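Below: the structure, in structure tokens.
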Amino acid sequence: LPLLSKLCKMFAELFRYHNHGLVIVTVKVFKQSKVRRMTMRVGIGYDVHKLVENRALILGGVEIPWEKGLLGHSDADVLLHAIMDALLGAADIGKHFPDTDPKYKGISSIKLLEHVGALLEENGYAVENIDAVVIAQRPKLLPYIPQMAENIAKTLGLEKNQVNVKATTEEGLGFTGSGEGISSQAVCMLSSIREWSVMAASSEEGCKSCGGCRG
């Protein structure tokens with residue numbers, strides 16, 4: 001930038017006067033600066049698992065006493081799976097945890113959620129809030145919801161008021177109403193702060209033809 005400034009001044013002196021009179025020369029000097037901008041992204045997630053015998057029922061990292069559990073490659077925590085689906089979708093950082101990979105066989109979904117949180121941090125995202133609902137006819141989930149929300153917040157390093165978990169039924173309708181399975185939906189908001197390099201023009205007189213840079 002100092003060299004460019006000297007060259008501009010030199011050419012300005014050389015061409016300041018012309019054979020036919022005075023020529024006004026406007027010299028623009030460009031400088032680079034950083035601009036920081038916050039962006040917000042929203043994601044939605046959905047998951048469903050079948051209820052079967054001889055499986056533990058785990059929702060939000062809480063094992064719930066029940067005659068059936070959810071069938072899946074991992075621990076089949078349908079709530080956490082919906083939340084991870086929302087988080088990964090909002091960040092648009094690809095697909096993860098295929099159910100064909102043996103290393104995820106029976107794995108705790110809390111560990112998977114922890115990994116998703118690390119991926120978000122690596123990509124410059126912060127979780128603003130999570131709102132999730134579990135759809136199940138039975139068992140009654142209300143007594144376990146506070147612990148579910150606490151597990152989610154702790155795993156992602158969030159405050160408790162950033163995580164909301166609800167439970168509802170479908171009044172006996174559909175596969176959840178008949179007790180064939182449990183589903184979950186989740187919505188999340190992410191924020192990120194990114195930097196861009198911009199070129200701004202400056203001169204002693206400014207850019208008279210454009211008032212944009214001068215505010």
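Identifiers in the structure tokens: chain A, B, ... in order shown; residue index from 1 per chain; ligand index from 1 in order shown.
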Residues flagged alpha helix (DSSP H) by DSSP in range 50-192 of chain A, as an MDAnalysis selection string: chainID A and resid 78:91 109:122 145:156 174:177
Just-selected residues, N, CA and C atoms written as a short mmCIF file (atom, residue, chain, number, x, y, z; two decimals), in the first residue's frame:
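Below you can see out30.cif, which holds the result:
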```
data_model
loop_
_atom_site.label_atom_id
_atom_site.label_comp_id
_atom_site.auth_asym_id
_atom_site.auth_seq_id
_atom_site.Cartn_x
_atom_site.Cartn_y
_atom_site.Cartn_z
N VAL A 78 -34.53 -41.94 19.62
CA VAL A 78 -35.20 -41.22 18.55
C VAL A 78 -35.17 -39.70 18.76
N LEU A 79 -35.21 -39.26 20.01
CA LEU A 79 -35.17 -37.83 20.31
C LEU A 79 -33.84 -37.22 19.91
N LEU A 80 -32.75 -37.84 20.34
CA LEU A 80 -31.43 -37.30 20.00
C LEU A 80 -31.15 -37.40 18.51
N HIS A 81 -31.67 -38.43 17.86
CA HIS A 81 -31.47 -38.57 16.42
C HIS A 81 -32.15 -37.44 15.67
N ALA A 82 -33.35 -37.06 16.09
CA ALA A 82 -34.04 -35.94 15.45
C ALA A 82 -33.28 -34.63 15.67
N ILE A 83 -32.75 -34.44 16.88
CA ILE A 83 -31.98 -33.23 17.18
C ILE A 83 -30.70 -33.18 16.34
N MET A 84 -29.99 -34.30 16.24
CA MET A 84 -28.77 -34.32 15.42
C MET A 84 -29.09 -34.07 13.96
N ASP A 85 -30.21 -34.60 13.50
CA ASP A 85 -30.65 -34.37 12.12
C ASP A 85 -30.85 -32.88 11.87
N ALA A 86 -31.47 -32.19 12.83
CA ALA A 86 -31.70 -30.75 12.70
C ALA A 86 -30.39 -29.97 12.72
N LEU A 87 -29.50 -30.31 13.64
CA LEU A 87 -28.23 -29.59 13.76
C LEU A 87 -27.36 -29.75 12.52
N LEU A 88 -27.24 -30.98 12.04
CA LEU A 88 -26.41 -31.24 10.86
C LEU A 88 -27.02 -30.60 9.62
N GLY A 89 -28.36 -30.59 9.54
CA GLY A 89 -29.02 -29.97 8.40
C GLY A 89 -28.84 -28.47 8.39
N ALA A 90 -28.93 -27.84 9.55
CA ALA A 90 -28.75 -26.39 9.62
C ALA A 90 -27.33 -25.98 9.24
N ALA A 91 -26.36 -26.76 9.69
CA ALA A 91 -24.95 -26.45 9.39
C ALA A 91 -24.54 -26.89 7.99
N SER A 109 -26.31 -42.64 21.89
CA SER A 109 -26.56 -41.46 21.06
C SER A 109 -26.07 -40.18 21.72
N ILE A 110 -25.86 -40.21 23.03
CA ILE A 110 -25.24 -39.06 23.71
C ILE A 110 -23.83 -38.84 23.16
N LYS A 111 -23.11 -39.92 22.93
CA LYS A 111 -21.75 -39.81 22.36
C LYS A 111 -21.82 -39.26 20.93
N LEU A 112 -22.83 -39.67 20.18
CA LEU A 112 -23.00 -39.16 18.82
C LEU A 112 -23.33 -37.67 18.84
N LEU A 113 -24.18 -37.27 19.77
CA LEU A 113 -24.53 -35.84 19.90
C LEU A 113 -23.30 -35.02 20.29
N GLU A 114 -22.47 -35.57 21.15
CA GLU A 114 -21.24 -34.89 21.54
C GLU A 114 -20.34 -34.67 20.32
N HIS A 115 -20.28 -35.68 19.44
CA HIS A 115 -19.48 -35.56 18.22
C HIS A 115 -20.06 -34.49 17.29
N VAL A 116 -21.39 -34.43 17.19
CA VAL A 116 -22.03 -33.41 16.36
C VAL A 116 -21.70 -32.02 16.90
N GLY A 117 -21.73 -31.87 18.23
CA GLY A 117 -21.37 -30.59 18.82
C GLY A 117 -19.96 -30.16 18.47
N ALA A 118 -19.04 -31.12 18.46
CA ALA A 118 -17.65 -30.82 18.08
C ALA A 118 -17.55 -30.42 16.61
N LEU A 119 -18.32 -31.08 15.75
CA LEU A 119 -18.33 -30.73 14.32
C LEU A 119 -18.84 -29.31 14.11
N LEU A 120 -19.87 -28.94 14.84
CA LEU A 120 -20.41 -27.58 14.72
C LEU A 120 -19.36 -26.55 15.13
N GLU A 121 -18.67 -26.82 16.23
CA GLU A 121 -17.65 -25.89 16.71
C GLU A 121 -16.51 -25.77 15.70
N GLU A 122 -16.10 -26.89 15.12
CA GLU A 122 -15.04 -26.87 14.12
C GLU A 122 -15.42 -26.03 12.90
N ILE A 145 -38.78 -35.74 31.25
CA ILE A 145 -38.41 -34.67 30.33
C ILE A 145 -37.34 -33.73 30.89
N PRO A 146 -37.42 -33.30 32.16
CA PRO A 146 -36.36 -32.42 32.67
C PRO A 146 -34.96 -33.02 32.56
N GLN A 147 -34.83 -34.32 32.82
CA GLN A 147 -33.53 -34.97 32.71
C GLN A 147 -33.08 -35.06 31.26
N MET A 148 -34.02 -35.29 30.35
CA MET A 148 -33.67 -35.32 28.92
C MET A 148 -33.09 -33.97 28.50
N ALA A 149 -33.78 -32.88 28.84
CA ALA A 149 -33.32 -31.55 28.46
C ALA A 149 -31.96 -31.23 29.08
N GLU A 150 -31.78 -31.65 30.33
CA GLU A 150 -30.49 -31.41 31.00
C GLU A 150 -29.37 -32.18 30.31
N ASN A 151 -29.63 -33.42 29.91
CA ASN A 151 -28.61 -34.22 29.22
C ASN A 151 -28.19 -33.57 27.90
N ILE A 152 -29.18 -33.08 27.17
CA ILE A 152 -28.91 -32.46 25.87
C ILE A 152 -28.09 -31.19 26.06
N ALA A 153 -28.52 -30.34 27.00
CA ALA A 153 -27.81 -29.08 27.25
C ALA A 153 -26.37 -29.34 27.71
N LYS A 154 -26.18 -30.28 28.61
CA LYS A 154 -24.84 -30.59 29.13
C LYS A 154 -23.93 -31.12 28.02
N THR A 155 -24.47 -31.98 27.17
CA THR A 155 -23.65 -32.57 26.10
C THR A 155 -23.19 -31.52 25.10
N LEU A 156 -24.04 -30.54 24.81
CA LEU A 156 -23.71 -29.51 23.82
C LEU A 156 -23.14 -28.24 24.44
N GLY A 174 -52.50 -43.40 13.85
CA GLY A 174 -51.23 -43.71 13.22
C GLY A 174 -50.41 -44.75 13.97
N PHE A 175 -49.16 -44.93 13.51
CA PHE A 175 -48.30 -45.97 14.09
C PHE A 175 -47.87 -45.64 15.50
N THR A 176 -47.75 -44.33 15.82
CA THR A 176 -47.41 -43.99 17.21
C THR A 176 -48.63 -44.18 18.12
N GLY A 177 -49.79 -43.86 17.61
CA GLY A 177 -51.01 -44.03 18.39
C GLY A 177 -51.33 -45.47 18.70
#
```
DSSP-assigned strand (DSSP E) members of range 86-180 of chain A, reported as a PyMOL selection string: chain A and resi 125-135+163-168
For those residues, write N, CA and C atoms to a file as an mmCIF file, in the first residue's frame.
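Result file follows (part_2.cif):
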```cif
data_model
loop_
_atom_site.group_PDB
_atom_site.id
_atom_site.type_symbol
_atom_site.label_atom_id
_atom_site.label_comp_id
_atom_site.auth_asym_id
_atom_site.auth_seq_id
_atom_site.Cartn_x
_atom_site.Cartn_y
_atom_site.Cartn_z
ATOM 1 N N TYR A 125 -19.887 -22.810 14.135
ATOM 2 C CA TYR A 125 -21.293 -22.624 14.493
ATOM 3 C C TYR A 125 -21.497 -22.739 15.999
ATOM 4 N N ALA A 126 -22.462 -21.971 16.499
ATOM 5 C CA ALA A 126 -22.889 -22.055 17.895
ATOM 6 C C ALA A 126 -24.387 -22.331 17.909
ATOM 7 N N VAL A 127 -24.811 -23.188 18.818
ATOM 8 C CA VAL A 127 -26.238 -23.511 18.928
ATOM 9 C C VAL A 127 -26.926 -22.431 19.757
ATOM 10 N N GLU A 128 -27.949 -21.820 19.187
ATOM 11 C CA GLU A 128 -28.712 -20.803 19.906
ATOM 12 C C GLU A 128 -29.838 -21.432 20.721
ATOM 13 N N ASN A 129 -30.583 -22.329 20.102
ATOM 14 C CA ASN A 129 -31.632 -23.015 20.857
ATOM 15 C C ASN A 129 -32.087 -24.269 20.116
ATOM 16 N N ILE A 130 -32.716 -25.171 20.860
ATOM 17 C CA ILE A 130 -33.266 -26.418 20.326
ATOM 18 C C ILE A 130 -34.681 -26.573 20.885
ATOM 19 N N ASP A 131 -35.618 -26.905 20.016
ATOM 20 C CA ASP A 131 -36.991 -27.176 20.430
ATOM 21 C C ASP A 131 -37.377 -28.525 19.839
ATOM 22 N N ALA A 132 -37.713 -29.486 20.683
ATOM 23 C CA ALA A 132 -37.971 -30.846 20.208
ATOM 24 C C ALA A 132 -39.222 -31.423 20.857
ATOM 25 N N VAL A 133 -39.853 -32.351 20.141
ATOM 26 C CA VAL A 133 -41.045 -33.020 20.651
ATOM 27 C C VAL A 133 -40.941 -34.516 20.380
ATOM 28 N N VAL A 134 -41.356 -35.310 21.338
ATOM 29 C CA VAL A 134 -41.429 -36.758 21.191
ATOM 30 C C VAL A 134 -42.907 -37.130 21.052
ATOM 31 N N ILE A 135 -43.223 -37.929 20.037
ATOM 32 C CA ILE A 135 -44.604 -38.350 19.808
ATOM 33 C C ILE A 135 -44.724 -39.824 20.165
ATOM 34 N N VAL A 163 -32.691 -25.277 25.658
ATOM 35 C CA VAL A 163 -33.205 -26.579 25.204
ATOM 36 C C VAL A 163 -34.622 -26.775 25.723
ATOM 37 N N ASN A 164 -35.542 -27.039 24.818
ATOM 38 C CA ASN A 164 -36.926 -27.306 25.199
ATOM 39 C C ASN A 164 -37.335 -28.674 24.651
ATOM 40 N N VAL A 165 -37.830 -29.530 25.528
ATOM 41 C CA VAL A 165 -38.286 -30.862 25.128
ATOM 42 C C VAL A 165 -39.739 -31.023 25.568
ATOM 43 N N LYS A 166 -40.557 -31.511 24.661
ATOM 44 C CA LYS A 166 -41.969 -31.746 24.947
ATOM 45 C C LYS A 166 -42.327 -33.175 24.552
ATOM 46 N N ALA A 167 -43.476 -33.629 25.022
ATOM 47 C CA ALA A 167 -43.992 -34.943 24.625
ATOM 48 C C ALA A 167 -45.480 -34.814 24.353
ATOM 49 N N THR A 168 -45.960 -35.544 23.356
ATOM 50 C CA THR A 168 -47.374 -35.529 23.027
ATOM 51 C C THR A 168 -47.787 -36.883 22.471
#
```
Separation of CA of Gly43 in chain A from CA of Ile107 in chain A in Å: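 Rounded to one decimal, the two atoms are 24.2 Å apart.
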